[in-house]
Structures are given as structure tokens and as C-alpha cells.
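As C-alpha cells, the structure follows; a few thoughts come after it.
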Amino acid sequence: MDRLPHEKGFHVSWDQLHRDARALAWRLQDAAPASGWKAVVAITRGGMAPAMIISRELDIRTVDTISVKSYNHQEQSEPRIIKSPDATVVGDGEGILIIDDLVDTGKTLEVVRKAMPKAHVATVYAKPQGRPMVDSFITEVSQDTWIFFPWDMALQYVKPFHGSDD
Ligand SMILES: O=P(O)(O)OC[C@H]1O[C@H](OP(=O)(O)OP(=O)(O)O)[C@H](O)[C@@H]1O
Ligand SMILES: O=c1[nH]c(=O)c2nc[nH]c2[nH]1
Ligand SMILES: [Mg+2]
């Protein structure tokens with residue numbers, strides 16, 4: 001996935017991510033099965049920060065991970081699972097909450113859903129193409145927007161406006 005062709009940038013600060021992940025947690029409370037969520041599964045690595053915030057908000061202590069690797073080589077363009085969560089906990093996904101930071105094309109979630117078909121899938125942000133792959137999300141951005149996460153950014157010096165044209 002290359003950010004260069006994207007026309008717009010949507011910059012997310014830690015504070016914004018915290019607020020949006022909390023808002024998603026509150027929405028997920030209403031979607032919980034009667035017996036509550038059994039476990040959270042974070043899609044590494046981007047799903048780990050929102051999964052921590054959501055599991056804290058919903059008091060879910062069992063947190064596992066699934067790792068999906070996307071290949072950009074000509075032959076291997078499909079993502080594949082390189083680390084699975086504990087099968088004895090997640091089973092077919094019933095009562096399991098899968099968390100990722102965003103859905104873009106939906107290819108990552110496609111393989112994750114195949115592994116846990118009954119799970120509830122939630123992302124903080126969603127783009128239109130991948131939106132059918134999520135059950136819950138908070139904010140939608142257009143397909144030509146690149147989302148910049150706080151862990152990929154750093155504070156930088158910028159020149160003062162006055163005299164900046166020299
Ligand atoms: O809907 P898709 O088109 O599949 O894209 C969405 C996925 O891409 C990013 O992860 P990435 O694979 O870049 O790995 P990372 O989470 O380790 O940064 C993002 O965190 C999602 O998991
Ligand atoms: O940081 C990211 N921002 C995005 O918009 C995106 N889409 C896929 N993968 C992504 N990673
Ligand atoms: Mg990811």
C-alpha cells in the first residue's frame with residue numbers, strides 16, 4: 001500500500017486516536033452478546049493501540065493477536081496469516097471482538113474473517129471499499145485519503161512564515 005497516489009491526508013494525533021477508540025468502545029458495548037465479549041483479537045500492528053484502549057474501556061482481560069502479512073511481489077499479492085490467535089479461545093469467532101486501526105481495501109479483513117467467521121470486526125477508521133468488511137467503525141474517509149497515524153509521525157521544525165520565501 002503506497003501513500004503517494006493519495007490526494008488527501010488525514011492526520012490523527014494520539015489524543016484523537018484515544019478519543020475515537022473510546023467512542024468505538026462505547027459503540028461496541030451496545031453490540032456485545034448477552035454473555036459479553038469473550039476476548040479481543042488485535043490485528044498487528046496497527047490494531048494493537050486501539051485494542052488496548054477498547055479492552056480497557058470494556059474491561060476485557062483476554063487479548064490476543066493475529067498477524068497478517070501483505071506481499072507486494074507480482075506472484076504473491078494476497079495477504080496471509082503468519083501468526084494466529086489461540087484457537088482454544090477464539091474458536092470460530094463467536095463472541096470475539098477483532099480490532100484494527102483501519103480498513104482500506106478490505107483485503108486484510110477478508111483473510112481474518114475467513115479464520116474467524118463469527119467474530120465481530122471493528123475498526124476505528126474506514127474507507128468505502130473496505131467498509132462492507134467491518135461491523136462497526138467510527139469515522140469514514142474517502143478512498144483517496146491516506147490516514148497518518150501518530151506512531152508513524154514525529155514533531156518537526158517548520159520555518160517561520162516571515163521570510164519563508166528565501
Ligand atoms: O484494508 P487493507 O487494504 O488490507 O489495509 C488495511 C491494513 O493495512 C494496514 O496494516 P499494514 O498491513 O500496513 O501493517 P501494520 O498494521 O503492521 O502497519 C492497516 O493497519 C490495516 O491493518
Ligand atoms: O497508515 C496507513 N494509512 C492508510 O491510509 C492505510 N491504508 C492501508 N494501510 C494504511 N496505513
Ligand atoms: Mg495493520
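Letters for chains follow the order of the C-alpha cells (A, B, ...), residue numbers begin at 1 for each chain, and ligand numbers begin at 1 in the order shown.
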
**Message:** Let's see if you can do this: from backbone DSSP, list all strand (DSSP E or B) residues in chain A, as a PyMOL selection string.
**Reply:** chain A and resi 8-11+39-44+63-69+80-83+96-103+120-126+136-140+145-148

**Prompt:** Counting only C-alpha atoms and all ligand atoms, which protein, DNA or RNA residues come within 6 Å of ligand 2, given as a PyMOL selection string?
**Reply:** chain A and resi 1+104+146-149

Store the residues of this selection in a file with C-alpha atoms, as a PDB file, in the first residue's frame.
ATOM      1  CA  MET A   1       0.000   0.000   0.000  1.00  0.00           C
ATOM      2  CA  ASP A 104      -8.757   0.301   3.315  1.00  0.00           C
ATOM      3  CA  TRP A 146      -4.140   8.458   3.374  1.00  0.00           C
ATOM      4  CA  ILE A 147      -4.552   8.185   7.131  1.00  0.00           C
ATOM      5  CA  PHE A 148      -1.414   9.197   9.060  1.00  0.00           C
ATOM      6  CA  PHE A 149      -1.176   7.581  12.481  1.00  0.00           C
TER       7      PHE A 149
END

**Request:** Collect all residues with atoms no farther than 7 Å from ligand 1, counting only C-alpha atoms and all ligand atoms, and output them as number ranges by chain.
**Result:** A: 1, 43-47, 68-70, 100-109, 130

Would you please extract all helix (DSSP H, G or I) residues from range 14-166 of chain A, as assigned by DSSP on the backbone, and give them as an mmCIF file with all heavy atoms, in the first residue's frame?
data_model
loop_
_atom_site.group_PDB
_atom_site.id
_atom_site.type_symbol
_atom_site.label_atom_id
_atom_site.label_comp_id
_atom_site.auth_asym_id
_atom_site.auth_seq_id
_atom_site.Cartn_x
_atom_site.Cartn_y
_atom_site.Cartn_z
ATOM 1 N N TRP A 14 -2.334 11.367 18.821
ATOM 2 C CA TRP A 14 -2.597 10.372 19.880
ATOM 3 C C TRP A 14 -3.912 10.700 20.582
ATOM 4 O O TRP A 14 -4.696 9.804 20.906
ATOM 5 C CB TRP A 14 -1.454 10.359 20.907
ATOM 6 C CG TRP A 14 -0.244 9.601 20.430
ATOM 7 C CD1 TRP A 14 0.972 10.121 20.114
ATOM 8 C CD2 TRP A 14 -0.146 8.179 20.223
ATOM 9 N NE1 TRP A 14 1.831 9.110 19.717
ATOM 10 C CE2 TRP A 14 1.178 7.915 19.781
ATOM 11 C CE3 TRP A 14 -1.024 7.105 20.366
ATOM 12 C CZ2 TRP A 14 1.634 6.629 19.476
ATOM 13 C CZ3 TRP A 14 -0.581 5.817 20.070
ATOM 14 C CH2 TRP A 14 0.734 5.590 19.632
ATOM 15 N N ASP A 15 -4.118 11.978 20.834
ATOM 16 C CA ASP A 15 -5.337 12.383 21.525
ATOM 17 C C ASP A 15 -6.585 12.034 20.710
ATOM 18 O O ASP A 15 -7.561 11.512 21.242
ATOM 19 C CB ASP A 15 -5.281 13.896 21.797
ATOM 20 C CG ASP A 15 -6.483 14.370 22.564
ATOM 21 O OD1 ASP A 15 -6.661 13.908 23.698
ATOM 22 O OD2 ASP A 15 -7.249 15.184 22.013
ATOM 23 N N GLN A 16 -6.501 12.298 19.408
ATOM 24 C CA GLN A 16 -7.645 11.992 18.530
ATOM 25 C C GLN A 16 -7.889 10.484 18.467
ATOM 26 O O GLN A 16 -9.034 10.031 18.519
ATOM 27 C CB GLN A 16 -7.362 12.527 17.116
ATOM 28 C CG GLN A 16 -8.538 12.392 16.166
ATOM 29 C CD GLN A 16 -9.697 13.294 16.562
ATOM 30 O OE1 GLN A 16 -9.489 14.467 16.842
ATOM 31 N NE2 GLN A 16 -10.893 12.752 16.616
ATOM 32 N N LEU A 17 -6.806 9.728 18.380
ATOM 33 C CA LEU A 17 -6.947 8.267 18.330
ATOM 34 C C LEU A 17 -7.581 7.742 19.627
ATOM 35 O O LEU A 17 -8.445 6.876 19.604
ATOM 36 C CB LEU A 17 -5.583 7.605 18.108
ATOM 37 C CG LEU A 17 -5.712 6.083 18.018
ATOM 38 C CD1 LEU A 17 -6.056 5.638 16.611
ATOM 39 C CD2 LEU A 17 -4.501 5.380 18.533
ATOM 40 N N HIS A 18 -7.130 8.312 20.751
ATOM 41 C CA HIS A 18 -7.680 7.896 22.046
ATOM 42 C C HIS A 18 -9.186 8.176 22.100
ATOM 43 O O HIS A 18 -9.990 7.325 22.490
ATOM 44 C CB HIS A 18 -6.940 8.646 23.150
ATOM 45 C CG HIS A 18 -7.089 8.033 24.510
ATOM 46 N ND1 HIS A 18 -6.410 8.491 25.602
ATOM 47 C CD2 HIS A 18 -7.868 7.012 24.949
ATOM 48 C CE1 HIS A 18 -6.739 7.757 26.658
ATOM 49 N NE2 HIS A 18 -7.632 6.866 26.290
ATOM 50 N N ARG A 19 -9.564 9.363 21.675
ATOM 51 C CA ARG A 19 -10.996 9.731 21.683
ATOM 52 C C ARG A 19 -11.803 8.832 20.754
ATOM 53 O O ARG A 19 -12.888 8.372 21.100
ATOM 54 C CB ARG A 19 -11.176 11.182 21.225
ATOM 55 C CG ARG A 19 -10.759 12.195 22.246
ATOM 56 C CD ARG A 19 -10.629 13.565 21.571
ATOM 57 N NE ARG A 19 -10.131 14.542 22.531
ATOM 58 C CZ ARG A 19 -10.914 15.303 23.273
ATOM 59 N NH1 ARG A 19 -12.220 15.225 23.181
ATOM 60 N NH2 ARG A 19 -10.395 16.169 24.121
ATOM 61 N N ASP A 20 -11.281 8.601 19.545
ATOM 62 C CA ASP A 20 -12.029 7.801 18.562
ATOM 63 C C ASP A 20 -12.121 6.338 18.987
ATOM 64 O O ASP A 20 -13.155 5.691 18.798
ATOM 65 C CB ASP A 20 -11.381 7.932 17.171
ATOM 66 C CG ASP A 20 -11.594 9.311 16.552
ATOM 67 O OD1 ASP A 20 -12.505 10.035 17.006
ATOM 68 O OD2 ASP A 20 -10.848 9.662 15.613
ATOM 69 N N ALA A 21 -11.033 5.805 19.571
ATOM 70 C CA ALA A 21 -11.062 4.405 20.037
ATOM 71 C C ALA A 21 -12.043 4.263 21.201
ATOM 72 O O ALA A 21 -12.756 3.263 21.309
ATOM 73 C CB ALA A 21 -9.662 3.960 20.447
ATOM 74 N N ARG A 22 -12.085 5.265 22.071
ATOM 75 C CA ARG A 22 -13.063 5.248 23.169
ATOM 76 C C ARG A 22 -14.487 5.271 22.643
ATOM 77 O O ARG A 22 -15.354 4.538 23.118
ATOM 78 C CB ARG A 22 -12.858 6.461 24.069
ATOM 79 C CG ARG A 22 -11.866 6.243 25.148
ATOM 80 C CD ARG A 22 -12.059 7.272 26.236
ATOM 81 N NE ARG A 22 -11.280 6.894 27.389
ATOM 82 C CZ ARG A 22 -10.522 7.739 28.070
ATOM 83 N NH1 ARG A 22 -10.453 9.009 27.715
ATOM 84 N NH2 ARG A 22 -9.851 7.320 29.117
ATOM 85 N N ALA A 23 -14.712 6.121 21.645
ATOM 86 C CA ALA A 23 -16.058 6.211 21.052
ATOM 87 C C ALA A 23 -16.446 4.855 20.442
ATOM 88 O O ALA A 23 -17.593 4.415 20.555
ATOM 89 C CB ALA A 23 -16.085 7.309 19.990
ATOM 90 N N LEU A 24 -15.459 4.182 19.829
ATOM 91 C CA LEU A 24 -15.733 2.864 19.255
ATOM 92 C C LEU A 24 -16.063 1.859 20.371
ATOM 93 O O LEU A 24 -16.981 1.054 20.237
ATOM 94 C CB LEU A 24 -14.518 2.390 18.439
ATOM 95 C CG LEU A 24 -14.633 1.029 17.760
ATOM 96 C CD1 LEU A 24 -15.844 0.969 16.814
ATOM 97 C CD2 LEU A 24 -13.349 0.696 16.988
ATOM 98 N N ALA A 25 -15.345 1.954 21.479
ATOM 99 C CA ALA A 25 -15.614 1.049 22.615
ATOM 100 C C ALA A 25 -17.049 1.212 23.102
ATOM 101 O O ALA A 25 -17.745 0.229 23.363
ATOM 102 C CB ALA A 25 -14.634 1.330 23.748
ATOM 103 N N TRP A 26 -17.490 2.432 23.221
ATOM 104 C CA TRP A 26 -18.849 2.668 23.719
ATOM 105 C C TRP A 26 -19.878 2.104 22.745
ATOM 106 O O TRP A 26 -20.897 1.559 23.151
ATOM 107 C CB TRP A 26 -19.075 4.166 23.953
ATOM 108 C CG TRP A 26 -18.098 4.732 24.965
ATOM 109 C CD1 TRP A 26 -17.455 4.042 25.957
ATOM 110 C CD2 TRP A 26 -17.635 6.085 25.050
ATOM 111 N NE1 TRP A 26 -16.623 4.874 26.649
ATOM 112 C CE2 TRP A 26 -16.702 6.136 26.131
ATOM 113 C CE3 TRP A 26 -17.893 7.255 24.334
ATOM 114 C CZ2 TRP A 26 -16.061 7.318 26.509
ATOM 115 C CZ3 TRP A 26 -17.251 8.436 24.716
ATOM 116 C CH2 TRP A 26 -16.351 8.453 25.783
ATOM 117 N N ARG A 27 -19.603 2.220 21.457
ATOM 118 C CA ARG A 27 -20.496 1.651 20.445
ATOM 119 C C ARG A 27 -20.498 0.120 20.539
ATOM 120 O O ARG A 27 -21.525 -0.521 20.378
ATOM 121 C CB ARG A 27 -20.018 2.110 19.055
ATOM 122 C CG ARG A 27 -20.956 1.769 17.936
ATOM 123 C CD ARG A 27 -20.641 2.560 16.693
ATOM 124 N NE ARG A 27 -20.931 3.985 16.829
ATOM 125 C CZ ARG A 27 -20.734 4.882 15.889
ATOM 126 N NH1 ARG A 27 -20.255 4.507 14.727
ATOM 127 N NH2 ARG A 27 -21.023 6.151 16.094
ATOM 128 N N LEU A 28 -19.320 -0.454 20.812
ATOM 129 C CA LEU A 28 -19.202 -1.909 20.885
ATOM 130 C C LEU A 28 -19.883 -2.491 22.117
ATOM 131 O O LEU A 28 -20.285 -3.644 22.126
ATOM 132 C CB LEU A 28 -17.719 -2.315 20.853
ATOM 133 C CG LEU A 28 -17.028 -2.082 19.501
ATOM 134 C CD1 LEU A 28 -15.516 -2.206 19.630
ATOM 135 C CD2 LEU A 28 -17.557 -3.054 18.451
ATOM 136 N N GLN A 29 -19.995 -1.683 23.146
ATOM 137 C CA GLN A 29 -20.717 -2.124 24.354
ATOM 138 C C GLN A 29 -22.149 -2.515 23.979
ATOM 139 O O GLN A 29 -22.661 -3.535 24.424
ATOM 140 C CB GLN A 29 -20.731 -0.966 25.372
ATOM 141 C CG GLN A 29 -21.505 -1.257 26.611
ATOM 142 C CD GLN A 29 -20.629 -1.994 27.648
ATOM 143 O OE1 GLN A 29 -19.905 -2.929 27.315
ATOM 144 N NE2 GLN A 29 -20.702 -1.552 28.872
ATOM 145 N N ASP A 30 -22.769 -1.724 23.118
ATOM 146 C CA ASP A 30 -24.152 -1.987 22.704
ATOM 147 C C ASP A 30 -24.260 -3.207 21.782
ATOM 148 O O ASP A 30 -25.322 -3.802 21.665
ATOM 149 C CB ASP A 30 -24.732 -0.765 21.979
ATOM 150 C CG ASP A 30 -24.739 0.465 22.885
ATOM 151 O OD1 ASP A 30 -24.843 0.277 24.104
ATOM 152 O OD2 ASP A 30 -24.626 1.591 22.360
ATOM 153 N N ALA A 31 -23.164 -3.533 21.093
ATOM 154 C CA ALA A 31 -23.189 -4.659 20.142
ATOM 155 C C ALA A 31 -22.782 -5.983 20.796
ATOM 156 O O ALA A 31 -22.777 -7.023 20.138
ATOM 157 C CB ALA A 31 -22.243 -4.358 18.971
ATOM 158 N N MET A 48 -3.133 -2.786 17.530
ATOM 159 C CA MET A 48 -2.790 -3.001 18.944
ATOM 160 C C MET A 48 -3.091 -1.790 19.825
ATOM 161 O O MET A 48 -3.537 -1.958 20.971
ATOM 162 C CB MET A 48 -1.320 -3.398 19.064
ATOM 163 C CG MET A 48 -1.059 -4.760 18.435
ATOM 164 S SD MET A 48 0.679 -5.157 18.323
ATOM 165 C CE MET A 48 0.987 -5.704 19.986
ATOM 166 N N ALA A 49 -2.861 -0.590 19.316
ATOM 167 C CA ALA A 49 -3.123 0.604 20.141
ATOM 168 C C ALA A 49 -4.632 0.757 20.399
ATOM 169 O O ALA A 49 -5.049 0.850 21.560
ATOM 170 C CB ALA A 49 -2.520 1.849 19.483
ATOM 171 N N PRO A 50 -5.471 0.735 19.358
ATOM 172 C CA PRO A 50 -6.911 0.813 19.651
ATOM 173 C C PRO A 50 -7.420 -0.388 20.461
ATOM 174 O O PRO A 50 -8.304 -0.217 21.308
ATOM 175 C CB PRO A 50 -7.578 0.871 18.270
ATOM 176 C CG PRO A 50 -6.525 0.610 17.261
ATOM 177 C CD PRO A 50 -5.206 0.844 17.913
ATOM 178 N N ALA A 51 -6.852 -1.580 20.259
ATOM 179 C CA ALA A 51 -7.305 -2.761 21.014
ATOM 180 C C ALA A 51 -7.020 -2.586 22.504
ATOM 181 O O ALA A 51 -7.815 -3.011 23.343
ATOM 182 C CB ALA A 51 -6.632 -4.017 20.487
ATOM 183 N N MET A 52 -5.891 -1.964 22.832
ATOM 184 C CA MET A 52 -5.572 -1.729 24.243
ATOM 185 C C MET A 52 -6.596 -0.776 24.866
ATOM 186 O O MET A 52 -7.117 -1.026 25.960
ATOM 187 C CB MET A 52 -4.151 -1.144 24.364
ATOM 188 C CG MET A 52 -3.685 -0.932 25.793
ATOM 189 S SD MET A 52 -4.260 0.619 26.503
ATOM 190 C CE MET A 52 -3.105 1.766 25.772
ATOM 191 N N ILE A 53 -6.916 0.286 24.146
ATOM 192 C CA ILE A 53 -7.860 1.281 24.677
ATOM 193 C C ILE A 53 -9.253 0.660 24.822
ATOM 194 O O ILE A 53 -9.926 0.813 25.845
ATOM 195 C CB ILE A 53 -7.884 2.520 23.742
ATOM 196 C CG1 ILE A 53 -6.518 3.212 23.753
ATOM 197 C CG2 ILE A 53 -9.012 3.480 24.146
ATOM 198 C CD1 ILE A 53 -6.279 4.152 22.585
ATOM 199 N N ILE A 54 -9.655 -0.098 23.807
ATOM 200 C CA ILE A 54 -11.006 -0.701 23.820
ATOM 201 C C ILE A 54 -11.119 -1.787 24.889
ATOM 202 O O ILE A 54 -12.112 -1.840 25.623
ATOM 203 C CB ILE A 54 -11.344 -1.243 22.408
ATOM 204 C CG1 ILE A 54 -11.582 -0.066 21.469
ATOM 205 C CG2 ILE A 54 -12.556 -2.174 22.441
ATOM 206 C CD1 ILE A 54 -11.489 -0.382 19.994
ATOM 207 N N SER A 55 -10.094 -2.627 25.035
ATOM 208 C CA SER A 55 -10.170 -3.684 26.046
ATOM 209 C C SER A 55 -10.159 -3.080 27.448
ATOM 210 O O SER A 55 -10.798 -3.597 28.359
ATOM 211 C CB SER A 55 -9.039 -4.704 25.873
ATOM 212 O OG SER A 55 -7.788 -4.082 25.920
ATOM 213 N N ARG A 56 -9.496 -1.958 27.599
ATOM 214 C CA ARG A 56 -9.516 -1.260 28.894
ATOM 215 C C ARG A 56 -10.911 -0.699 29.180
ATOM 216 O O ARG A 56 -11.461 -0.859 30.266
ATOM 217 C CB ARG A 56 -8.472 -0.139 28.875
ATOM 218 C CG ARG A 56 -8.289 0.562 30.208
ATOM 219 C CD ARG A 56 -9.100 1.838 30.272
ATOM 220 N NE ARG A 56 -8.958 2.496 31.561
ATOM 221 C CZ ARG A 56 -9.713 3.503 31.951
ATOM 222 N NH1 ARG A 56 -10.659 3.985 31.164
ATOM 223 N NH2 ARG A 56 -9.545 4.048 33.134
ATOM 224 N N GLU A 57 -11.501 -0.051 28.180
ATOM 225 C CA GLU A 57 -12.834 0.545 28.362
ATOM 226 C C GLU A 57 -13.885 -0.507 28.672
ATOM 227 O O GLU A 57 -14.801 -0.266 29.460
ATOM 228 C CB GLU A 57 -13.261 1.302 27.101
ATOM 229 C CG GLU A 57 -12.530 2.600 26.854
ATOM 230 C CD GLU A 57 -12.696 3.614 27.976
ATOM 231 O OE1 GLU A 57 -13.835 3.840 28.422
ATOM 232 O OE2 GLU A 57 -11.676 4.160 28.420
ATOM 233 N N ALA A 87 -6.378 -20.837 19.288
ATOM 234 C CA ALA A 87 -7.590 -21.429 18.712
ATOM 235 C C ALA A 87 -8.564 -21.888 19.793
ATOM 236 O O ALA A 87 -9.780 -21.873 19.591
ATOM 237 C CB ALA A 87 -7.213 -22.593 17.808
ATOM 238 N N THR A 88 -8.056 -22.276 20.951
ATOM 239 C CA THR A 88 -8.947 -22.756 22.021
ATOM 240 C C THR A 88 -9.760 -21.602 22.598
ATOM 241 O O THR A 88 -10.817 -21.814 23.188
ATOM 242 C CB THR A 88 -8.149 -23.439 23.154
ATOM 243 O OG1 THR A 88 -7.241 -22.472 23.699
ATOM 244 C CG2 THR A 88 -7.375 -24.635 22.644
ATOM 245 N N VAL A 89 -9.271 -20.382 22.441
ATOM 246 C CA VAL A 89 -10.005 -19.204 22.933
ATOM 247 C C VAL A 89 -10.939 -18.664 21.853
ATOM 248 O O VAL A 89 -12.120 -18.410 22.100
ATOM 249 C CB VAL A 89 -9.030 -18.086 23.387
ATOM 250 C CG1 VAL A 89 -9.794 -16.812 23.753
ATOM 251 C CG2 VAL A 89 -8.182 -18.549 24.556
ATOM 252 N N VAL A 90 -10.441 -18.502 20.636
ATOM 253 C CA VAL A 90 -11.236 -17.795 19.612
ATOM 254 C C VAL A 90 -12.206 -18.698 18.847
ATOM 255 O O VAL A 90 -13.235 -18.223 18.363
ATOM 256 C CB VAL A 90 -10.346 -17.013 18.609
ATOM 257 C CG1 VAL A 90 -9.510 -15.974 19.340
ATOM 258 C CG2 VAL A 90 -9.458 -17.923 17.780
ATOM 259 N N LYS A 107 -8.750 -6.213 2.166
ATOM 260 C CA LYS A 107 -8.056 -7.495 1.928
ATOM 261 C C LYS A 107 -7.554 -8.141 3.224
ATOM 262 O O LYS A 107 -7.592 -9.353 3.378
ATOM 263 C CB LYS A 107 -6.896 -7.294 0.957
ATOM 264 C CG LYS A 107 -7.359 -7.257 -0.498
ATOM 265 C CD LYS A 107 -6.207 -7.036 -1.450
ATOM 266 C CE LYS A 107 -6.634 -7.149 -2.896
ATOM 267 N NZ LYS A 107 -6.875 -8.509 -3.355
ATOM 268 N N THR A 108 -7.072 -7.320 4.138
ATOM 269 C CA THR A 108 -6.606 -7.859 5.428
ATOM 270 C C THR A 108 -7.775 -8.510 6.169
ATOM 271 O O THR A 108 -7.680 -9.634 6.651
ATOM 272 C CB THR A 108 -5.992 -6.722 6.283
ATOM 273 O OG1 THR A 108 -4.912 -6.141 5.565
ATOM 274 C CG2 THR A 108 -5.515 -7.231 7.633
ATOM 275 N N LEU A 109 -8.881 -7.788 6.229
ATOM 276 C CA LEU A 109 -10.042 -8.319 6.956
ATOM 277 C C LEU A 109 -10.654 -9.537 6.281
ATOM 278 O O LEU A 109 -11.254 -10.379 6.942
ATOM 279 C CB LEU A 109 -11.096 -7.226 7.143
ATOM 280 C CG LEU A 109 -10.688 -6.104 8.106
ATOM 281 C CD1 LEU A 109 -11.839 -5.122 8.283
ATOM 282 C CD2 LEU A 109 -10.286 -6.684 9.462
ATOM 283 N N GLU A 110 -10.487 -9.619 4.979
ATOM 284 C CA GLU A 110 -11.020 -10.784 4.260
ATOM 285 C C GLU A 110 -10.386 -12.072 4.792
ATOM 286 O O GLU A 110 -11.100 -13.039 5.093
ATOM 287 C CB GLU A 110 -10.691 -10.613 2.774
ATOM 288 C CG GLU A 110 -11.657 -11.302 1.843
ATOM 289 C CD GLU A 110 -11.258 -11.059 0.392
ATOM 290 O OE1 GLU A 110 -11.114 -9.881 -0.014
ATOM 291 O OE2 GLU A 110 -11.059 -12.056 -0.316
ATOM 292 N N VAL A 111 -9.066 -12.074 4.961
ATOM 293 C CA VAL A 111 -8.408 -13.295 5.457
ATOM 294 C C VAL A 111 -8.695 -13.512 6.946
ATOM 295 O O VAL A 111 -8.844 -14.637 7.394
ATOM 296 C CB VAL A 111 -6.874 -13.321 5.198
ATOM 297 C CG1 VAL A 111 -6.562 -13.497 3.751
ATOM 298 C CG2 VAL A 111 -6.179 -12.115 5.749
ATOM 299 N N VAL A 112 -8.803 -12.419 7.681
ATOM 300 C CA VAL A 112 -9.084 -12.539 9.118
ATOM 301 C C VAL A 112 -10.494 -13.091 9.332
ATOM 302 O O VAL A 112 -10.729 -13.967 10.165
ATOM 303 C CB VAL A 112 -8.896 -11.170 9.818
ATOM 304 C CG1 VAL A 112 -9.395 -11.215 11.252
ATOM 305 C CG2 VAL A 112 -7.433 -10.745 9.779
ATOM 306 N N ARG A 113 -11.435 -12.608 8.542
ATOM 307 C CA ARG A 113 -12.828 -13.081 8.659
ATOM 308 C C ARG A 113 -12.959 -14.559 8.291
ATOM 309 O O ARG A 113 -13.754 -15.276 8.878
ATOM 310 C CB ARG A 113 -13.732 -12.260 7.731
ATOM 311 C CG ARG A 113 -14.314 -11.027 8.398
ATOM 312 C CD ARG A 113 -15.387 -10.449 7.500
ATOM 313 N NE ARG A 113 -16.016 -9.270 8.063
ATOM 314 C CZ ARG A 113 -16.951 -9.294 9.000
ATOM 315 N NH1 ARG A 113 -17.380 -10.423 9.497
ATOM 316 N NH2 ARG A 113 -17.469 -8.167 9.450
ATOM 317 N N LYS A 114 -12.176 -14.977 7.309
ATOM 318 C CA LYS A 114 -12.205 -16.408 6.925
ATOM 319 C C LYS A 114 -11.763 -17.281 8.098
ATOM 320 O O LYS A 114 -12.281 -18.375 8.300
ATOM 321 C CB LYS A 114 -11.284 -16.652 5.722
ATOM 322 C CG LYS A 114 -12.029 -16.528 4.413
ATOM 323 C CD LYS A 114 -11.182 -17.013 3.241
ATOM 324 C CE LYS A 114 -11.764 -16.452 1.947
ATOM 325 N NZ LYS A 114 -10.753 -16.003 1.005
ATOM 326 N N ALA A 115 -10.793 -16.766 8.874
ATOM 327 C CA ALA A 115 -10.273 -17.537 10.010
ATOM 328 C C ALA A 115 -11.249 -17.549 11.187
ATOM 329 O O ALA A 115 -11.299 -18.514 11.941
ATOM 330 C CB ALA A 115 -8.923 -16.963 10.445
ATOM 331 N N ARG A 131 -15.355 -0.920 3.682
ATOM 332 C CA ARG A 131 -16.427 -0.748 4.666
ATOM 333 C C ARG A 131 -17.347 -1.964 4.823
ATOM 334 O O ARG A 131 -17.739 -2.301 5.946
ATOM 335 C CB ARG A 131 -17.237 0.487 4.270
ATOM 336 C CG ARG A 131 -18.029 1.034 5.412
ATOM 337 C CD ARG A 131 -18.817 2.230 5.006
ATOM 338 N NE ARG A 131 -20.085 2.193 5.717
ATOM 339 C CZ ARG A 131 -20.963 3.158 5.749
ATOM 340 N NH1 ARG A 131 -20.735 4.264 5.088
ATOM 341 N NH2 ARG A 131 -22.070 3.036 6.420
ATOM 342 N N PRO A 132 -17.687 -2.681 3.722
ATOM 343 C CA PRO A 132 -18.539 -3.866 3.896
ATOM 344 C C PRO A 132 -17.894 -4.957 4.758
ATOM 345 O O PRO A 132 -18.586 -5.861 5.217
ATOM 346 C CB PRO A 132 -18.741 -4.370 2.460
ATOM 347 C CG PRO A 132 -18.427 -3.220 1.572
ATOM 348 C CD PRO A 132 -17.411 -2.403 2.297
ATOM 349 N N MET A 133 -16.586 -4.886 4.972
ATOM 350 C CA MET A 133 -15.893 -5.917 5.753
ATOM 351 C C MET A 133 -15.952 -5.654 7.261
ATOM 352 O O MET A 133 -15.525 -6.498 8.051
ATOM 353 C CB MET A 133 -14.413 -5.996 5.333
ATOM 354 C CG MET A 133 -14.178 -6.396 3.893
ATOM 355 S SD MET A 133 -14.888 -7.984 3.478
ATOM 356 C CE MET A 133 -13.841 -9.054 4.449
ATOM 357 N N PRO A 150 -0.310 8.426 14.604
ATOM 358 C CA PRO A 150 0.705 9.113 15.428
ATOM 359 C C PRO A 150 2.005 8.334 15.553
ATOM 360 O O PRO A 150 3.073 8.933 15.671
ATOM 361 C CB PRO A 150 0.011 9.279 16.791
ATOM 362 C CG PRO A 150 -1.188 8.387 16.768
ATOM 363 C CD PRO A 150 -1.562 8.221 15.329
ATOM 364 N N TRP A 151 1.935 6.979 15.498
ATOM 365 C CA TRP A 151 3.175 6.193 15.622
ATOM 366 C C TRP A 151 4.034 6.281 14.370
ATOM 367 O O TRP A 151 5.196 5.851 14.393
ATOM 368 C CB TRP A 151 2.875 4.729 15.961
ATOM 369 C CG TRP A 151 1.824 4.075 15.110
ATOM 370 C CD1 TRP A 151 1.992 3.496 13.891
ATOM 371 C CD2 TRP A 151 0.440 3.939 15.433
ATOM 372 N NE1 TRP A 151 0.792 3.013 13.433
ATOM 373 C CE2 TRP A 151 -0.182 3.257 14.354
ATOM 374 C CE3 TRP A 151 -0.353 4.319 16.526
ATOM 375 C CZ2 TRP A 151 -1.545 2.957 14.333
ATOM 376 C CZ3 TRP A 151 -1.703 4.008 16.506
ATOM 377 C CH2 TRP A 151 -2.285 3.338 15.423
ATOM 378 N N ASP A 152 3.510 6.820 13.285
ATOM 379 C CA ASP A 152 4.296 6.996 12.054
ATOM 380 C C ASP A 152 4.780 8.430 11.878
ATOM 381 O O ASP A 152 5.350 8.766 10.843
ATOM 382 C CB ASP A 152 3.452 6.624 10.821
ATOM 383 C CG ASP A 152 3.249 5.129 10.686
ATOM 384 O OD1 ASP A 152 4.116 4.368 11.147
ATOM 385 O OD2 ASP A 152 2.218 4.710 10.127
#

**Surrounding residues of Thr62 in chain A excluding itself and chain neighbours under 2 positions, 9 Å, only C-alpha atoms, as a PyMOL selection string** = chain A and resi 38-41+55+60+64+89
